[in-house]
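K.L.:
Here it is: the structure, laid out below.
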Amino acid sequence: MPRPALARPLAASGAVLSALALTACVPNASADDEAIAVESTADDCKVASTEVPSGTVVFDVTNSGDDVTEFYLLASDGLRIISEVENVGPGITRQLVVQVPAGDYITQCKPGMTGDGIQAAFTVTDSGEDIFSGDNAERLAAAGDQYLLYVRDQIQTLEDKTEAFLAAYTAGDDDEARALYADARVHWERIEPVAESFGDLDPMMDAREADLAEGESWTGWHRIEKNLWPPAEGYDLTDAEKQELADKLAADTAELAARVNAEDFAIDAFQVGNGAKELLDEVAAGKITGEEEIWSHTDLWDFQANVDGASVAYGVLHDIVAETDADLVEELDSRFAELDDLLAQYGSIEDGFALYTELTEEQIVELARAVDALGEPLSRLTAAAVA
Amino acid sequence: MTQDRTDVPSAQDAPAPSPEEGGGAPASQASSTDDAQARSGLSRRAALGAAGAVAGAAALTAGGFAAGRATASSLQTHAYDFYGAHQSGIVTPQQDRLHFAAFDITTDSRARVISLLRRWSEAAARLMTGSELGSGAAGGAYAAPPDDTGEALGLPASGLTITFGFGPGLFDERFGLASKRPDQLIDLPKFSGDTLDEQFVGGDLCIQACADDPQVAVHAIRNLSRLAFGDAAIRWAQLGFGRTSSTTRAQDTPRNFMGFKDGTANLRAEDTDLVDRWVWADAADGQSWMAGGSYLVARRIRILAEIWDRTSLQEQEATVGRTKGSGAPLSGGSEFTEPDFTVTGRDDVPLIRPDSHVALAHPSANGGAMMLRRGYNFTDGADALGRLDAGLFFLAYVRDPREQFVPIQNALSSHDVMTVEYLRTTGSALFAVPPGLPAGSVLGSEGAYVGQELFA
């Protein structure tokens with residue numbers, strides 16, 4: 001399933017990262033926070049207040065001009081970006097929430113997104129509130145790089161294990177192929193949002209039968225799964241058909257590896273945080289219902305792999321978020337541990353898991369609740385890291 | 001008020017709708033609270049007869065009840081006309097509540113089907129005026145069960161419309177109608193990602209009951225299904241608790257279960273040329289008995305609420321292509337500003353993502369095709385895992401599903417991030433909705449009935 005959130009142009013997300021990273025506290029805006037109205041027109045940038053106490057500052061940026069506009073809060077040098085909103089269409093109001101320590105700043109509207117824009121002085125007085133004011137840009141960039149190494153490592157293992165799996169499959173050694181199937185897929189599932197960001201490859205490699213429209217051809221992991229775990233008699237494929245499926249999956253896996261290993265392929269912290277959330281979405285939408293591996297019932301391998309991947313993504317952001325939102329880190333640490341403990345009751349990737357059909361309804365409900373308990377705070381990770 | 005007032009709106013004294021307006025025109029409208037109380041108090045008492053004291057008390061109680069609710073919806077006292085070139089419940093201003101039922105025909109007798117449609121037509125015309133069925137809920141032979149089940153006793157007409165449709169099964173070998181099956185009444189294809197639950201699929205007949213009071217809508221389906229026993233039985237049914245579209249310009253745009261305004265760009269009754277082009281079947285379309293009718297697509301679409309709710313506002317808005325607050329397209333303007341897919345932001349990225357719902361569903365992406373949507377939010381409690389079983393009960397009226405619904409849905413199923421990531425279609429059906437009955441038609445056991453041209 002394509003998830004374009006990850007696939008959006010890296011140039012744009014890179015800009016977001018560098019711009020947003022500098023003051024990276026998680027701003028928990030509430031209705032109580034009084035928003036400062038900003039009105040951007042072709043030749044004006046009206047800011048309703050020019051002096052506020054330090055802490056969470058909320059700007060309601062309204063574009064009253066005819067061109068797409070942007071609004072920036074800049075450091076006093078007029079260069080360093082504290083925070084910004086971009087892509088505000090004419091007539092649209094968008095909120096900017098930022099934690100700002102005391103000091104002198106500059107507000108800037110940039111109608112048409114070019115030139116120096118319209119700047120004005122903005123003062124933040126000391127409210128006595130403790131404000132995190134560290135510069136996380138480098139650490140966030142490092143987090144993205146670190147996660148990319150993990151992705152490339154998993155893809156390498158996926159290629160190796162897929163090759164072994166397909167060799168057994170095409171050799172007619174179905175028992176061996178069945179034994180290798182779930183373990184190979186673990187490395188896909190761990191980095192699933194990255195794999196899915198390639199909207200052309202994902203449907204060819206990971207489509208489930210239910211994903212197909214009438215008349216669409218079906219290739220990839222689940223096509224082979226149904227062949228190896230046929231629901232009834234009459235699902236046999238010829239050797240030529242098996243070979244064709246195997247060759248296609250091998251080629252698509254190689255293509256995926258080539259793209260992820262391309263020099264210009266990058267992952268930023270924003271995508272890492274969203275990826276963690278999306279991995280839990282995958283569990284909640286597909287694995288918890290037993291729909292993902294509907295023939296092999298090896299859903300718990302995928303489940304654990306998705307959680308592993310989310311855990312790694314969280315891990316590379318952990319230290320940053322520990323400074324911006326210690327409560328969130330505490331909650332995520334304990335929720336990850338609870339879910340891992342629960343999964344460990346049913347096995348492990350190394351030793352194998354119970355089949356999903358062996359779980360009772362009560363056990364599945366227990367897992368679902370643990371997934372929701374983790375998924376909800378995990379959805380706040382991105383904002384906490386890069387907002 | 002007196003118990004023998006007879007100002008209950010009836011089919012006979014309702015103004016005849018113009019051909020353009022069809023059956024959607026309000027037949028009457030209360031102009032004051034007093035009026036509303038009078039109407040609501042009297043609405044379902046036609047059969048109460050001599051039970052004067054009881055009726056009077058019921059009327060007062062009901063009047064107060066209705067007046068209290070009237071602040072929530074002044075439409076409650078409307079009664080729409082059953083008669084018209086088109087059935088009511090299509091371009092009629094969309095009511096807030098729905099009870100929809102799909103039926104299996106359980107008889108092999110063509111005469112019994114015709115008899116059922118006669119009973120249904122007569123009952124529908126009566127229910128839409130706010131009247132009780134037969135000898136009423138609290139009258140009739142004491143040793144017999146009441147003709148009307150009674151839960152709408154004392155409630156006003158509440159804008160009730162009852163719309164009948166014919167599914168593919170009516171045209172099988174049983175009733176000799178195979179040659180009259182319209183080409184437009186296709187068996188819907190499987191769309192990418194459909195996870196249909198057989199308990200919400202298909203049906204030989206359907207009834208869409210819409211009202212501004214849920215009790216009135218449910219009362220209609222309950223009593224009509226009671227009239228059908230032996231000839232037809234409910235196959236599946238769906239309650240809708242809030243409308244997700246507007247069918248007239250006067251209505252505010254409601255919000256769907258994703259929290260976004262829905263149906264901003266819907267076809268409206270006022271767009272008569274477009275409605276003629278995209279909603280009403282014509283004799284030239286192939287089957288003359290369908291002239292003035294339409295085709296109803298019903299889809300039960302579950303929203304993965306828990307996952308959607310964990311999605312950032314930025315991603316939610318990008319997925320829809322509109323702002324969550326005002327409903328303006330991300331290209332700028334206010335709710336009813338046309339989306340401009342050419343406006344780009346930083347790095348020349350379109351402000352409305354090409355894989356957003358707005359971009360993919362827009363007529364410009366679908367050869368100009370439009371649909372008259374008439375959907376409802378639903379919730380059927382929770383599933384076994386404790387998740388809300390809730391979403392959108394999508395209803396849309398189209399002139400030709402093959403040119404409108406199917407290609408649009410194919411595009412959405414394959415490319416729309418919203419559909420792919422956050423929606424699961426669990427039910428699906430298509431019905432041919434025959435034209436309405438002309439004003440002055442005489443109903444009854446030998447009389448006119450909805451769909452009579454099909455059996456002619």
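Within each chain, counting starts at residue 1; across the structure tokens, chains are named A, B, ... in the order shown, with ligands numbered 1 upward in that order.
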Select all residues from chain A having any atom no more than 7 Å from an atom of chain B (counting only C-alpha atoms, ignoring ligands), output as a list in words.
P.N.:
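Taken together, these residues fit the definition: Met1, Ala12, Val68, Asn87, Gly89, Pro90, Gly91, Ile92, Ala210, Asp211, Leu212, Ala213, Glu214, Asp281, Val365, Ala368, Glu376 and Ser379 of chain A.
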K.L.:
For Pro354 of chain B, find every residue with an atom within 9 Å (counting only C-alpha atoms), except residues of its own chain fewer than 3 positions away, and show them as a list in words.
P.N.:
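Everything that qualifies: Gly321, Phe341, Pro350, His357, Val358, Ala359, Leu360 and Asp416 of chain B.
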K.L.:
What's the 7 Å shell around Pro193 of chain A, counting only C-alpha atoms, without same-chain residues fewer than 4 positions away, as a ChimeraX atom specification?
P.N.:
/A:3,197,275,278-279
K.L.:
Pick out the residues sitting within 8 Å of Ile131 of chain A, and hand them over as a PyMOL selection string; count only C-alpha atoms, and ignore anything fewer than 3 positions along from it in its own chain.
P.N.:
chain A and resi 54-55+99-101
K.L.:
For the selection just defined, write its residues with C-alpha atoms to a file, as a CSV table (one decimal), in the first residue's frame.
P.N.:
chain,number,residue,atom,x,y,z
A,54,SER,CA,8.7,33.3,26.9
A,55,GLY,CA,7.1,29.8,26.6
A,99,GLN,CA,8.4,27.3,22.2
A,100,VAL,CA,10.5,30.4,22.4
A,101,PRO,CA,13.0,31.5,25.1
K.L.:
So what do you get for atom CA of Asp67 of chain A versus atom CA of Ala265 of chain B, distance-wise?
P.N.:
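Atom-to-atom, atom CA of Asp67 of chain A and atom CA of Ala265 of chain B are spaced 23.7 Å apart.
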K.L.:
Pull the helix (DSSP H, G or I) assignments for segment 230-288 of chain B out of DSSP run on the backbone, and list those residues as a ChimeraX atom specification.
P.N.:
/B:272-278,283-285,288
K.L.:
Would you write out those residues with N, CA and C atoms, as a short mmCIF file (atom, residue, chain, number, x, y, z; two decimals), in the first residue's frame?
P.N.:
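Result saved to again-v4.cif:
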data_model
loop_
_atom_site.label_atom_id
_atom_site.label_comp_id
_atom_site.auth_asym_id
_atom_site.auth_seq_id
_atom_site.Cartn_x
_atom_site.Cartn_y
_atom_site.Cartn_z
N THR B 272 -30.28 22.13 -11.87
CA THR B 272 -31.21 21.26 -12.59
C THR B 272 -30.62 20.67 -13.86
N ASP B 273 -29.81 21.45 -14.57
CA ASP B 273 -29.21 20.91 -15.80
C ASP B 273 -28.26 19.75 -15.49
N LEU B 274 -27.47 19.97 -14.44
CA LEU B 274 -26.51 18.91 -14.07
C LEU B 274 -27.24 17.69 -13.51
N VAL B 275 -28.31 17.92 -12.74
CA VAL B 275 -29.08 16.80 -12.21
C VAL B 275 -29.71 16.01 -13.36
N ASP B 276 -30.22 16.73 -14.36
CA ASP B 276 -30.77 16.03 -15.53
C ASP B 276 -29.68 15.23 -16.25
N ARG B 277 -28.50 15.81 -16.29
CA ARG B 277 -27.41 15.14 -17.01
C ARG B 277 -26.88 13.92 -16.25
N TRP B 278 -26.78 14.05 -14.90
CA TRP B 278 -26.03 13.04 -14.13
C TRP B 278 -26.88 12.18 -13.19
N ALA B 283 -35.64 7.79 -21.12
CA ALA B 283 -36.11 6.65 -21.91
C ALA B 283 -35.06 6.24 -22.94
N ALA B 284 -34.33 7.24 -23.44
CA ALA B 284 -33.32 6.96 -24.46
C ALA B 284 -32.12 6.18 -23.90
N ASP B 285 -32.05 6.09 -22.57
CA ASP B 285 -30.93 5.35 -21.98
C ASP B 285 -31.09 3.84 -22.15
N SER B 288 -37.38 2.18 -21.12
CA SER B 288 -38.30 3.33 -20.98
C SER B 288 -38.96 3.34 -19.60
#
K.L.:
Give the strand (DSSP E or B) residues of segment 102-183 of chain B, as assigned by DSSP on the backbone, as a list in words.
P.N.:
Ala102, Phe103, Asp104, Ile105, Thr161, Ile162, Thr163, Phe164, Gly165 and Phe166 of chain B
K.L.:
Would you export the selected residues with N, CA and C atoms as a CSV table (one decimal), in the first residue's frame, please?
P.N.:
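Final file, selection13.csv:
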chain,number,residue,atom,x,y,z
B,102,ALA,N,-32.3,-3.5,2.7
B,102,ALA,CA,-32.3,-4.3,1.5
B,102,ALA,C,-33.0,-5.6,1.7
B,103,PHE,N,-33.8,-6.0,0.8
B,103,PHE,CA,-34.7,-7.1,0.9
B,103,PHE,C,-34.4,-8.2,-0.1
B,104,ASP,N,-34.6,-9.5,0.3
B,104,ASP,CA,-34.7,-10.6,-0.6
B,104,ASP,C,-36.2,-10.8,-0.9
B,105,ILE,N,-36.5,-11.1,-2.1
B,105,ILE,CA,-37.8,-11.4,-2.5
B,105,ILE,C,-38.0,-12.9,-2.2
B,161,THR,N,-39.1,10.7,3.9
B,161,THR,CA,-39.2,10.3,2.5
B,161,THR,C,-38.9,8.8,2.5
B,162,ILE,N,-39.6,8.1,1.6
B,162,ILE,CA,-39.5,6.7,1.4
B,162,ILE,C,-39.2,6.4,-0.1
B,163,THR,N,-38.1,5.8,-0.4
B,163,THR,CA,-37.6,5.7,-1.8
B,163,THR,C,-37.4,4.2,-2.0
B,164,PHE,N,-38.0,3.7,-3.1
B,164,PHE,CA,-37.9,2.2,-3.4
B,164,PHE,C,-36.9,2.0,-4.5
B,165,GLY,N,-36.2,0.9,-4.4
B,165,GLY,CA,-35.3,0.5,-5.5
B,165,GLY,C,-35.3,-1.0,-5.8
B,166,PHE,N,-34.9,-1.3,-7.0
B,166,PHE,CA,-35.0,-2.7,-7.5
B,166,PHE,C,-33.5,-3.2,-7.7
K.L.:
Find the residues around segment 332-343 of chain A up to 7 Å (only C-alpha atoms counted), leave out those fewer than 3 positions away in its own chain, and share them as a list in words.
P.N.:
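My reading of the contact set: Leu328, Val329, Tyr346, Gly347, Ala370, Ala373, Leu374, Pro377 and Leu378 of chain A.
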K.L.:
Print the selection's residues with C-alpha atoms to a file, as an mmCIF file, in the first residue's frame.
P.N.:
data_model
loop_
_atom_site.group_PDB
_atom_site.id
_atom_site.type_symbol
_atom_site.label_atom_id
_atom_site.label_comp_id
_atom_site.auth_asym_id
_atom_site.auth_seq_id
_atom_site.Cartn_x
_atom_site.Cartn_y
_atom_site.Cartn_z
ATOM 1 C CA LEU A 328 6.416 10.983 26.399
ATOM 2 C CA VAL A 329 9.679 9.055 26.526
ATOM 3 C CA TYR A 346 3.924 -16.411 21.934
ATOM 4 C CA GLY A 347 7.513 -16.936 20.804
ATOM 5 C CA ALA A 370 -1.473 -3.073 23.894
ATOM 6 C CA ALA A 373 -1.832 1.826 24.145
ATOM 7 C CA LEU A 374 1.471 2.213 22.300
ATOM 8 C CA PRO A 377 1.571 8.111 22.346
ATOM 9 C CA LEU A 378 3.730 7.007 19.416
#
K.L.:
Using only C-alpha atoms, I'd like a table of the residues in segment 157-235 of chain B that come within 12 Å of segment 451-454 of chain B; for each, show the closest atom pair and its distance in Å rounded to one decimal, ordered by chain and ascending number, as a Markdown table.
P.N.:
| residue | atom | partner | partner_atom | distance |
| --- | --- | --- | --- | --- |
| B:Thr163 | CA | B:Gly451 | CA | 11.1 |
| B:Phe164 | CA | B:Gly451 | CA | 8.5 |
| B:Gly165 | CA | B:Gly451 | CA | 8.7 |
| B:Phe166 | CA | B:Gly451 | CA | 8.7 |
| B:Leu170 | CA | B:Leu454 | CA | 10.7 |
| B:Phe171 | CA | B:Leu454 | CA | 10.4 |
| B:Phe175 | CA | B:Leu454 | CA | 11.1 |
| B:Gly176 | CA | B:Leu454 | CA | 10.7 |
| B:Leu177 | CA | B:Leu454 | CA | 8.0 |
| B:Ala178 | CA | B:Leu454 | CA | 10.9 |
| B:Ser179 | CA | B:Leu454 | CA | 10.5 |
| B:Lys180 | CA | B:Leu454 | CA | 7.3 |
| B:Arg181 | CA | B:Leu454 | CA | 9.3 |
| B:Pro182 | CA | B:Leu454 | CA | 10.7 |
| B:Leu205 | CA | B:Gly451 | CA | 11.4 |
K.L.:
Give me the residues near Asp400 of chain B as an mmCIF file with N, CA and C atoms, in the first residue's frame, where near means some atom within 12 Å (using only C-alpha atoms) and where sequence neighbours in that chain fewer than 3 positions away do not count.
P.N.:
data_model
loop_
_atom_site.group_PDB
_atom_site.id
_atom_site.type_symbol
_atom_site.label_atom_id
_atom_site.label_comp_id
_atom_site.auth_asym_id
_atom_site.auth_seq_id
_atom_site.Cartn_x
_atom_site.Cartn_y
_atom_site.Cartn_z
ATOM 1 N N PRO B 182 -32.112 -3.066 -16.889
ATOM 2 C CA PRO B 182 -31.339 -2.009 -17.554
ATOM 3 C C PRO B 182 -29.862 -2.386 -17.624
ATOM 4 N N ASP B 183 -29.216 -2.010 -18.703
ATOM 5 C CA ASP B 183 -27.768 -2.254 -18.816
ATOM 6 C C ASP B 183 -27.010 -1.542 -17.701
ATOM 7 N N GLN B 184 -27.614 -0.467 -17.226
ATOM 8 C CA GLN B 184 -26.947 0.318 -16.172
ATOM 9 C C GLN B 184 -26.933 -0.420 -14.832
ATOM 10 N N LEU B 185 -27.857 -1.363 -14.663
ATOM 11 C CA LEU B 185 -27.943 -2.106 -13.392
ATOM 12 C C LEU B 185 -26.964 -3.267 -13.439
ATOM 13 N N ILE B 186 -25.692 -2.929 -13.364
ATOM 14 C CA ILE B 186 -24.631 -3.937 -13.470
ATOM 15 C C ILE B 186 -24.450 -4.670 -12.147
ATOM 16 N N ASP B 276 -30.216 16.728 -14.365
ATOM 17 C CA ASP B 276 -30.767 16.032 -15.534
ATOM 18 C C ASP B 276 -29.680 15.227 -16.246
ATOM 19 N N ARG B 277 -28.504 15.805 -16.290
ATOM 20 C CA ARG B 277 -27.408 15.139 -17.015
ATOM 21 C C ARG B 277 -26.881 13.922 -16.250
ATOM 22 N N TRP B 278 -26.776 14.048 -14.902
ATOM 23 C CA TRP B 278 -26.031 13.040 -14.131
ATOM 24 C C TRP B 278 -26.876 12.182 -13.188
ATOM 25 N N VAL B 279 -28.152 12.537 -13.007
ATOM 26 C CA VAL B 279 -28.955 11.781 -12.026
ATOM 27 C C VAL B 279 -30.135 11.051 -12.672
ATOM 28 N N TRP B 280 -30.927 11.758 -13.476
ATOM 29 C CA TRP B 280 -32.191 11.168 -13.938
ATOM 30 C C TRP B 280 -32.003 10.335 -15.199
ATOM 31 N N ALA B 281 -32.489 9.109 -15.140
ATOM 32 C CA ALA B 281 -32.477 8.250 -16.322
ATOM 33 C C ALA B 281 -33.482 8.777 -17.339
ATOM 34 N N ASP B 282 -33.190 8.472 -18.595
ATOM 35 C CA ASP B 282 -34.032 8.924 -19.695
ATOM 36 C C ASP B 282 -34.479 7.682 -20.467
ATOM 37 N N ASP B 285 -32.052 6.089 -22.572
ATOM 38 C CA ASP B 285 -30.930 5.348 -21.980
ATOM 39 C C ASP B 285 -31.087 3.839 -22.151
ATOM 40 N N GLY B 286 -32.247 3.390 -22.612
ATOM 41 C CA GLY B 286 -32.389 1.965 -22.894
ATOM 42 C C GLY B 286 -33.703 1.354 -22.434
ATOM 43 N N MET B 290 -37.649 3.151 -16.877
ATOM 44 C CA MET B 290 -36.779 3.846 -15.915
ATOM 45 C C MET B 290 -36.757 5.365 -16.132
ATOM 46 N N GLY B 293 -36.248 7.868 -13.431
ATOM 47 C CA GLY B 293 -35.670 7.161 -12.289
ATOM 48 C C GLY B 293 -34.194 7.477 -12.154
ATOM 49 N N SER B 294 -33.506 6.674 -11.347
ATOM 50 C CA SER B 294 -32.074 6.868 -11.137
ATOM 51 C C SER B 294 -31.486 5.553 -10.640
ATOM 52 N N TYR B 295 -30.183 5.528 -10.444
ATOM 53 C CA TYR B 295 -29.522 4.331 -9.921
ATOM 54 C C TYR B 295 -28.855 4.679 -8.604
ATOM 55 N N LEU B 296 -29.110 3.834 -7.613
ATOM 56 C CA LEU B 296 -28.619 4.100 -6.258
ATOM 57 C C LEU B 296 -27.471 3.157 -5.930
ATOM 58 N N VAL B 297 -26.314 3.737 -5.654
ATOM 59 C CA VAL B 297 -25.158 2.960 -5.196
ATOM 60 C C VAL B 297 -25.125 3.044 -3.677
ATOM 61 N N ALA B 369 -17.581 13.628 -14.780
ATOM 62 C CA ALA B 369 -18.627 12.859 -14.100
ATOM 63 C C ALA B 369 -18.894 13.374 -12.689
ATOM 64 N N MET B 370 -20.179 13.453 -12.343
ATOM 65 C CA MET B 370 -20.597 13.888 -11.014
ATOM 66 C C MET B 370 -21.607 12.884 -10.466
ATOM 67 N N MET B 371 -21.803 12.920 -9.159
ATOM 68 C CA MET B 371 -22.790 12.051 -8.519
ATOM 69 C C MET B 371 -23.578 12.897 -7.524
ATOM 70 N N LEU B 372 -24.824 12.492 -7.286
ATOM 71 C CA LEU B 372 -25.572 13.120 -6.202
ATOM 72 C C LEU B 372 -25.410 12.228 -4.977
ATOM 73 N N ALA B 396 -25.282 7.162 -3.271
ATOM 74 C CA ALA B 396 -25.153 8.116 -4.369
ATOM 75 C C ALA B 396 -26.128 7.748 -5.470
ATOM 76 N N TYR B 397 -26.768 8.769 -6.027
ATOM 77 C CA TYR B 397 -27.694 8.580 -7.144
ATOM 78 C C TYR B 397 -27.000 9.018 -8.430
ATOM 79 N N GLU B 403 -20.536 4.862 -15.962
ATOM 80 C CA GLU B 403 -19.791 6.060 -16.371
ATOM 81 C C GLU B 403 -19.481 6.978 -15.207
ATOM 82 N N GLN B 404 -20.110 6.743 -14.070
ATOM 83 C CA GLN B 404 -19.938 7.663 -12.951
ATOM 84 C C GLN B 404 -19.298 6.961 -11.751
ATOM 85 N N PHE B 405 -20.066 6.141 -11.076
ATOM 86 C CA PHE B 405 -19.514 5.562 -9.850
ATOM 87 C C PHE B 405 -18.300 4.661 -10.098
ATOM 88 N N VAL B 406 -18.413 3.759 -11.063
ATOM 89 C CA VAL B 406 -17.364 2.733 -11.229
ATOM 90 C C VAL B 406 -15.996 3.345 -11.555
ATOM 91 N N PRO B 407 -15.907 4.220 -12.566
ATOM 92 C CA PRO B 407 -14.568 4.782 -12.833
ATOM 93 C C PRO B 407 -14.036 5.640 -11.684
ATOM 94 N N LEU B 430 -26.263 -2.213 -5.588
ATOM 95 C CA LEU B 430 -26.724 -1.268 -6.605
ATOM 96 C C LEU B 430 -28.195 -1.537 -6.885
ATOM 97 N N PHE B 431 -28.967 -0.472 -6.993
ATOM 98 C CA PHE B 431 -30.405 -0.608 -7.223
ATOM 99 C C PHE B 431 -30.848 0.351 -8.328
ATOM 100 N N ALA B 432 -31.832 -0.120 -9.104
ATOM 101 C CA ALA B 432 -32.514 0.771 -10.053
ATOM 102 C C ALA B 432 -33.688 1.385 -9.306
ATOM 103 N N VAL B 433 -33.709 2.714 -9.267
ATOM 104 C CA VAL B 433 -34.767 3.419 -8.545
ATOM 105 C C VAL B 433 -35.755 3.948 -9.578
#
K.L.:
Residues within 9 Å of segment 255-266 of chain A, please, as a PyMOL selection string. Count only C-alpha atoms; anything in the same chain fewer than 3 positions from it doesn't count.
P.N.:
chain A and resi 10+144-145+148+151-152+155-156+159+194-195+198+201+250-252
K.L.:
Just write the chosen residues, N, CA and C atoms, as a compact mmCIF listing (two decimals), in the first residue's frame.
P.N.:
# COMPACT_ATOMS: atom_id res chain seq x y z
N LEU A 10 12.29 14.86 -1.09
CA LEU A 10 13.19 15.03 0.05
C LEU A 10 13.67 16.47 0.18
N GLY A 144 18.40 10.65 11.29
CA GLY A 144 17.97 10.21 9.97
C GLY A 144 19.01 9.30 9.32
N ASP A 145 20.26 9.71 9.42
CA ASP A 145 21.35 8.90 8.83
C ASP A 145 21.45 7.53 9.48
N LEU A 148 18.73 5.33 8.32
CA LEU A 148 18.98 4.88 6.95
C LEU A 148 19.92 3.68 6.93
N VAL A 151 17.87 0.70 7.69
CA VAL A 151 17.04 0.31 6.55
C VAL A 151 17.88 -0.44 5.52
N ARG A 152 19.07 0.08 5.23
CA ARG A 152 19.91 -0.58 4.23
C ARG A 152 20.35 -1.96 4.69
N ILE A 155 17.40 -4.34 4.27
CA ILE A 155 17.16 -4.67 2.87
C ILE A 155 18.18 -5.69 2.38
N GLN A 156 19.41 -5.55 2.84
CA GLN A 156 20.45 -6.51 2.46
C GLN A 156 20.06 -7.92 2.94
N GLU A 159 17.20 -9.31 0.93
CA GLU A 159 17.64 -9.87 -0.36
C GLU A 159 18.20 -11.27 -0.19
N VAL A 194 9.16 2.40 4.48
CA VAL A 194 10.13 2.80 3.45
C VAL A 194 9.85 2.03 2.17
N ALA A 195 9.63 0.71 2.31
CA ALA A 195 9.34 -0.09 1.12
C ALA A 195 8.05 0.40 0.45
N PHE A 198 7.70 3.37 -2.12
CA PHE A 198 7.85 3.17 -3.56
C PHE A 198 6.54 2.58 -4.08
N LEU A 201 6.52 -0.41 -6.56
CA LEU A 201 7.05 -1.71 -6.15
C LEU A 201 6.13 -2.40 -5.15
N ALA A 250 12.29 -11.63 -7.00
CA ALA A 250 13.73 -11.39 -6.86
C ALA A 250 14.12 -10.08 -7.53
N ALA A 251 13.57 -9.86 -8.72
CA ALA A 251 13.92 -8.64 -9.46
C ALA A 251 13.40 -7.40 -8.73
N ASP A 252 12.18 -7.49 -8.21
CA ASP A 252 11.61 -6.33 -7.50
C ASP A 252 12.38 -6.05 -6.21
K.L.:
Rank nothing, just name the residue among B:Asp81, B:Pro214, B:Leu117, B:Phe260 nearest to Pro434 of chain B, using only C-alpha atoms.
P.N.:
B:Leu117
K.L.:
How many Å lie between atom CA of Glu338 of chain B and atom CA of Gln314 of chain B, rounded to one decimal?
P.N.:
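If I compute the distance from atom CA of Glu338 of chain B to atom CA of Gln314 of chain B, I get 20.8 Å.
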